[in-house]
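I have placed the structure first, in the form of structure tokens, so that the comments after it can refer back to it.
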Amino acid sequence: MMKITDTDTFMDENLIKRLDEKKKLLDSRRPLPADALKRLQNDMRIIHTYNSNAIEGNTLSLQETKLVLEEGMTIGGKSILEHLEVSGNGKAFDLLEDMAKNPIPITHAGVLTLHDLVTWGILKDHGIYRTTNVMITGAVKNPPDFSEVPILMGGMLDKVKKMKNHDVIIAAYLHHRFVEIHPFSDGNGRVARLLTNLYLMKKGYPPIVLNKEDRMRYYDFLRKADMGNLKPFTSMIAKAVIESLTIYLSIFGGEDELIPLKELAKDSPYSQDYLSLRARQGKLDAVKIGRVWHSTKKALAEYVNDK
């Protein structure tokens, strides 16, 4: 198992600076407007559930996921399994807010509860650590023997409590170490993404979304972490946190209002295509909503001033 000692080794300093500035600004504006916060949390619930399931191969669209979660609708042509994956992930996400308010660190019971909700009606061993060995196609190494899972999970949870690194580095470590142990027969990826959010929410961050479009990079970065290089995966988590903080700050409008790059480009020295490129590269703070990149007047001004 890798050792984590130095913040600079595992996350770019510029990412740390951007992330901490946004977190400090959001904290200064608490409490957030209740109605806007409720709408945003519901949106994040839908978007997280859709993307987390899609990463694992669920074919329900974002709109179909929304209908299942909000209306309890059955979508024609889609399997019962896919519907159960949506409802289970949605219920687990709903529980995160209450779990995040509990000052007690993440426990075995919390992990098992999330898995129980995610896989209820899908797996016979829902909410139970695996009792057989498994192999993962394409993995750098196979998960440990099932008999070691409880001890390894306990060691991971204890290490997370003691680590003194940046919160985002710890969240990335938690996510990777969890999938490395692979404590369940199935559903490990979904639970890992929920656990990452639980840890971040306990530290005062908004929930994050790992997008299905980044699925191949996500798996590639996890493989790199298996080989001892956690930095690419930590950067991915950090960028997702920055994006989420940007979305939450947009509640307040003004210079933090999210505006399509097409509109922002009109009052800037750069074209929409160039700004879109810099957004994809992570050089311009931006959020992709649907298929359209959005940023803020503040982010654009900071980018121009830094050039």
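Order determines the names: the first chain of the structure tokens is A, the second B, and so forth; residues in each chain are numbered 1 upward, and ligands are numbered 1 upward as they are shown.
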
Inset, instruction - Identify all residues of range 56-260 of chain A in alpha helix (DSSP H) (DSSP on the backbone) and supply them as an MDAnalysis selection string. - result: chainID A and resid 62:71 80:101 108:119 149:162 167:181 188:202 215:226 231:249

Could you take the residues named above and write them with C-alpha atoms, as a compact mmCIF listing (two decimals), in the first residue's frame?
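Result file is result.txt:
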```txt
# COMPACT_ATOMS: atom_id res chain seq x y z
CA LEU A 62 -30.03 11.94 -17.41
CA GLN A 63 -33.67 12.84 -18.07
CA GLU A 64 -34.77 9.23 -17.52
CA THR A 65 -32.78 9.11 -14.27
CA LYS A 66 -34.56 12.27 -13.16
CA LEU A 67 -37.98 10.75 -13.91
CA VAL A 68 -37.17 7.58 -11.97
CA LEU A 69 -35.88 9.52 -8.95
CA GLU A 70 -38.50 12.26 -8.84
CA GLU A 71 -41.59 10.60 -10.29
CA ILE A 80 -35.47 -3.63 -13.74
CA LEU A 81 -31.81 -3.81 -12.73
CA GLU A 82 -31.11 -0.36 -14.20
CA HIS A 83 -34.13 1.09 -12.37
CA LEU A 84 -32.96 -0.46 -9.09
CA GLU A 85 -29.48 1.00 -9.63
CA VAL A 86 -31.00 4.48 -9.96
CA SER A 87 -33.31 4.23 -6.95
CA GLY A 88 -30.63 2.64 -4.77
CA ASN A 89 -27.97 5.21 -5.61
CA GLY A 90 -30.49 8.01 -5.08
CA LYS A 91 -31.43 6.70 -1.62
CA ALA A 92 -27.76 6.39 -0.66
CA PHE A 93 -27.08 9.96 -1.82
CA ASP A 94 -30.04 11.16 0.26
CA LEU A 95 -28.45 9.61 3.34
CA LEU A 96 -25.13 11.40 2.82
CA GLU A 97 -26.34 14.72 4.21
CA ASP A 98 -27.40 13.20 7.54
CA MET A 99 -24.24 11.09 7.73
CA ALA A 100 -22.11 14.15 6.98
CA LYS A 101 -23.62 16.01 9.95
CA HIS A 108 -17.61 0.09 8.91
CA ALA A 109 -21.31 0.47 9.64
CA GLY A 110 -21.53 3.58 7.44
CA VAL A 111 -19.79 1.84 4.54
CA LEU A 112 -22.05 -1.22 4.85
CA THR A 113 -25.17 0.95 5.02
CA LEU A 114 -24.29 2.74 1.79
CA HIS A 115 -23.63 -0.56 0.03
CA ASP A 116 -26.89 -1.98 1.36
CA LEU A 117 -28.84 0.92 -0.15
CA VAL A 118 -26.94 0.88 -3.46
CA THR A 119 -27.36 -2.85 -4.06
CA VAL A 149 -11.14 -7.42 3.82
CA PRO A 150 -12.43 -6.50 7.32
CA ILE A 151 -8.90 -5.88 8.64
CA LEU A 152 -7.84 -3.91 5.56
CA MET A 153 -11.00 -1.80 5.66
CA GLY A 154 -10.43 -1.10 9.33
CA GLY A 155 -6.85 -0.08 8.60
CA MET A 156 -7.97 2.24 5.81
CA LEU A 157 -10.64 3.93 7.94
CA ASP A 158 -8.20 4.33 10.82
CA LYS A 159 -5.55 5.82 8.51
CA VAL A 160 -8.06 8.31 7.10
CA LYS A 161 -8.80 9.52 10.65
CA LYS A 162 -5.10 10.11 11.34
CA ASP A 167 -8.71 17.12 2.60
CA VAL A 168 -8.80 16.48 -1.15
CA ILE A 169 -5.68 14.30 -1.00
CA ILE A 170 -7.28 12.25 1.77
CA ALA A 171 -10.51 11.95 -0.23
CA ALA A 172 -8.54 10.68 -3.25
CA TYR A 173 -6.62 8.23 -1.07
CA LEU A 174 -9.89 6.97 0.46
CA HIS A 175 -11.44 6.47 -2.97
CA HIS A 176 -8.46 4.63 -4.45
CA ARG A 177 -7.70 2.50 -1.39
CA PHE A 178 -11.36 1.47 -1.18
CA VAL A 179 -11.49 0.22 -4.77
CA GLU A 180 -8.05 -1.37 -4.30
CA ILE A 181 -9.39 -3.44 -1.40
CA ASN A 188 -17.58 -1.00 -5.25
CA GLY A 189 -17.29 1.91 -7.70
CA ARG A 190 -20.66 3.38 -6.77
CA VAL A 191 -19.90 3.12 -3.05
CA ALA A 192 -16.40 4.59 -3.55
CA ARG A 193 -17.89 7.68 -5.21
CA LEU A 194 -20.45 8.03 -2.42
CA LEU A 195 -17.77 7.62 0.26
CA THR A 196 -15.63 10.28 -1.40
CA ASN A 197 -18.58 12.66 -1.21
CA LEU A 198 -19.28 11.69 2.39
CA TYR A 199 -15.72 12.49 3.42
CA LEU A 200 -15.70 15.81 1.55
CA MET A 201 -19.12 16.81 2.91
CA LYS A 202 -17.95 16.08 6.46
CA ARG A 215 -14.73 7.24 -17.55
CA MET A 216 -11.59 6.08 -19.37
CA ARG A 217 -9.39 8.70 -17.69
CA TYR A 218 -10.94 7.77 -14.33
CA TYR A 219 -9.99 4.12 -14.73
CA ASP A 220 -6.59 4.98 -16.17
CA PHE A 221 -5.78 7.24 -13.21
CA LEU A 222 -6.90 4.54 -10.76
CA ARG A 223 -4.53 2.10 -12.50
CA LYS A 224 -1.72 4.65 -12.17
CA ALA A 225 -2.54 4.91 -8.46
CA ASP A 226 -2.31 1.11 -8.23
CA LYS A 231 -1.18 12.47 -8.44
CA PRO A 232 -3.31 12.18 -11.64
CA PHE A 233 -6.25 10.78 -9.69
CA THR A 234 -5.89 13.38 -6.93
CA SER A 235 -5.88 16.12 -9.57
CA MET A 236 -9.07 14.68 -11.05
CA ILE A 237 -10.78 14.80 -7.66
CA ALA A 238 -9.44 18.33 -7.04
CA LYS A 239 -10.82 19.58 -10.36
CA ALA A 240 -14.21 18.03 -9.56
CA VAL A 241 -14.18 19.84 -6.20
CA ILE A 242 -13.32 23.15 -7.88
CA GLU A 243 -16.17 22.63 -10.35
CA SER A 244 -18.62 21.88 -7.54
CA LEU A 245 -17.51 24.93 -5.54
CA THR A 246 -17.98 27.05 -8.67
CA ILE A 247 -21.53 25.74 -9.08
CA TYR A 248 -22.41 26.45 -5.45
CA LEU A 249 -20.93 29.95 -5.59
```

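With distances restricted to only C-alpha atoms, A:Ser185 is the closest residue to Asn133 in chain A from A:Asn53, A:Asn165, A:Thr107, A:Ser185.
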
Inset, instruction - Based on DSSP run over this structure's backbone, return all residues of range 63-305 of chain A in strand (DSSP E or B), as a PyMOL selection string. - result: chain A and resi 259-260+287-289+292-295

Inset, instruction - Kindly indicate which residue among A:Ala279, A:Ala286, A:Val292, A:Val209 lies nearest to Lys262 in chain A, using only C-alpha atoms for the distances. - result: A:Val292

Legend entry - From A:Leu40, A:Asp306, A:Gly228, A:His166, residue lying nearest Asp12 in chain A [only C-alpha atoms]: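 Checking each of A:Leu40, A:Asp306, A:Gly228, A:His166 against Asp12 in chain A, counting only C-alpha atoms, the winner is A:His166.
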
Legend entry - Within 10 Å of Tyr274 in chain A using only C-alpha atoms, minus same-chain residues under 4 positions, as an MDAnalysis selection string: chainID A and resid 261 265 270 278:280

Legend entry - Distance in Å - CA of Lys38 in chain A versus CA of Asp256 in chain A: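 Computing it gives 18.7 Å between the two atoms.
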
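Atom to atom, CA of Lys203 in chain A and CA of Pro103 in chain A stand 10.0 Å apart.
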
Legend entry - Pairwise distance for CA of Asp20 in chain A and CA of Pro206 in chain A, rounded to one decimal in Å: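 Distance reported for this atom pair: 13.1 Å.
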